[in-house]
Amino acid sequence: MKIGVSSTGENLDANVDQRFGRCKYFLIVDTESMEFEVLSNENAMASGGAGIQAAQTIAKTGAEVVVTGNVGPNAFQTLSAAGMKIFTGASGTIKESIEKYKKGELKETEAPSVGSHSGMRR
């Protein structure tokens, strides 16, 4: 299974980025082999719509699950419409978060975990 994870860096030892739409990178990880692909989040600095665009980017990869710290309402709606499961509250490294997911230690979210524009730097 492929999982999309919001990341601060370009490998499995990077931390989960707490911001989905404005993270620096996405790692698309195969949970069986732990092989991964790195995608730069081209929309991280967008003035608006970053969550929607980030969600569309992840949906195009074929990932079935998203693991992140937080997800806003627009990204949540876009990911849900794509049929993806969303797990928030992840922290630590990407590798640790994937292991927690595989053990059932992450909780699937059924609503946005933050409000609109919460990931924007002020």
# chains A, B, ... in the order shown; residues from 1 in each chain; ligands from 1
$ select_by_dssp --residues "chain A" --states "helix (DSSP H, G or I)" --output "MDAnalysis selection string"
chainID A and resid 50:59 73:81 94:102
$ write_last_selection --atoms "C-alpha atoms" --output "short mmCIF file (atom, residue, chain, number, x, y, z; two decimals), in the first residue's frame"
data_model
loop_
_atom_site.label_atom_id
_atom_site.label_comp_id
_atom_site.auth_asym_id
_atom_site.auth_seq_id
_atom_site.Cartn_x
_atom_site.Cartn_y
_atom_site.Cartn_z
CA ALA A 50 -2.20 25.25 -0.86
CA GLY A 51 -4.18 22.52 0.90
CA ILE A 52 -6.34 21.76 -2.12
CA GLN A 53 -3.37 21.69 -4.48
CA ALA A 54 -1.34 19.53 -2.08
CA ALA A 55 -4.26 17.10 -1.76
CA GLN A 56 -4.57 16.88 -5.56
CA THR A 57 -0.83 16.17 -5.83
CA ILE A 58 -1.07 13.30 -3.33
CA ALA A 59 -4.23 11.88 -4.93
CA PRO A 73 -10.85 21.83 5.87
CA ASN A 74 -10.10 22.32 2.16
CA ALA A 75 -7.40 19.64 2.05
CA PHE A 76 -9.59 17.33 4.13
CA GLN A 77 -12.50 17.73 1.73
CA THR A 78 -10.30 17.19 -1.34
CA LEU A 79 -8.60 14.09 0.11
CA SER A 80 -11.92 12.65 1.25
CA ALA A 81 -13.48 13.24 -2.18
CA ILE A 94 8.49 9.32 8.78
CA LYS A 95 9.76 5.80 9.52
CA GLU A 96 8.32 5.89 13.07
CA SER A 97 4.98 7.18 11.80
CA ILE A 98 4.73 4.45 9.15
CA GLU A 99 5.42 1.83 11.84
CA LYS A 100 2.74 3.37 14.08
CA TYR A 101 0.30 3.28 11.17
CA LYS A 102 1.09 -0.38 10.46
#
$ select_by_dssp --residues "chain A" --states "strand (DSSP E)" --output "list in words"
Lys2, Ile3, Gly4, Val5, Ser6, Ser7, Tyr25, Phe26, Leu27, Ile28, Val29, Asp30, Phe36, Glu37, Val38, Leu39, Ser40, Val65, Val66, Val67, Lys85, Ile86 and Phe87 of chain A
$ residues_around --residues "Lys107 (chain A)" --least-positions-apart "3" --cutoff "8 Å" --atoms "only C-alpha atoms" --output "PDB file with C-alpha atoms, in the first residue's frame"
ATOM      1  CA  PHE A  87      -4.554  10.086   9.759  1.00  0.00           C
ATOM      2  CA  THR A  88      -3.575  13.185  11.772  1.00  0.00           C
ATOM      3  CA  GLY A  89      -1.623  13.644  14.974  1.00  0.00           C
ATOM      4  CA  GLY A 104      -2.820   0.595  14.191  1.00  0.00           C
TER       5      GLY A 104
END
$ residues_around --residues "Asp13 (chain A)" --least-positions-apart "3" --cutoff "10 Å" --atoms "only C-alpha atoms" --output "list in words"
Ser7, Thr8, Gly9, Glu10, Val16, Gly92, Thr93, Ile94, Lys95 and Glu96 of chain A
$ closest_residue --among "A:Val71, A:Ile3, A:Val65, A:Val114" --to "Met34 (chain A)" --atoms "only C-alpha atoms"
A:Ile3
$ closest_residue --among "A:Glu110, A:Glu42, A:Glu64, A:Asp17" --to "Asp30 (chain A)" --atoms "only C-alpha atoms"
A:Glu64
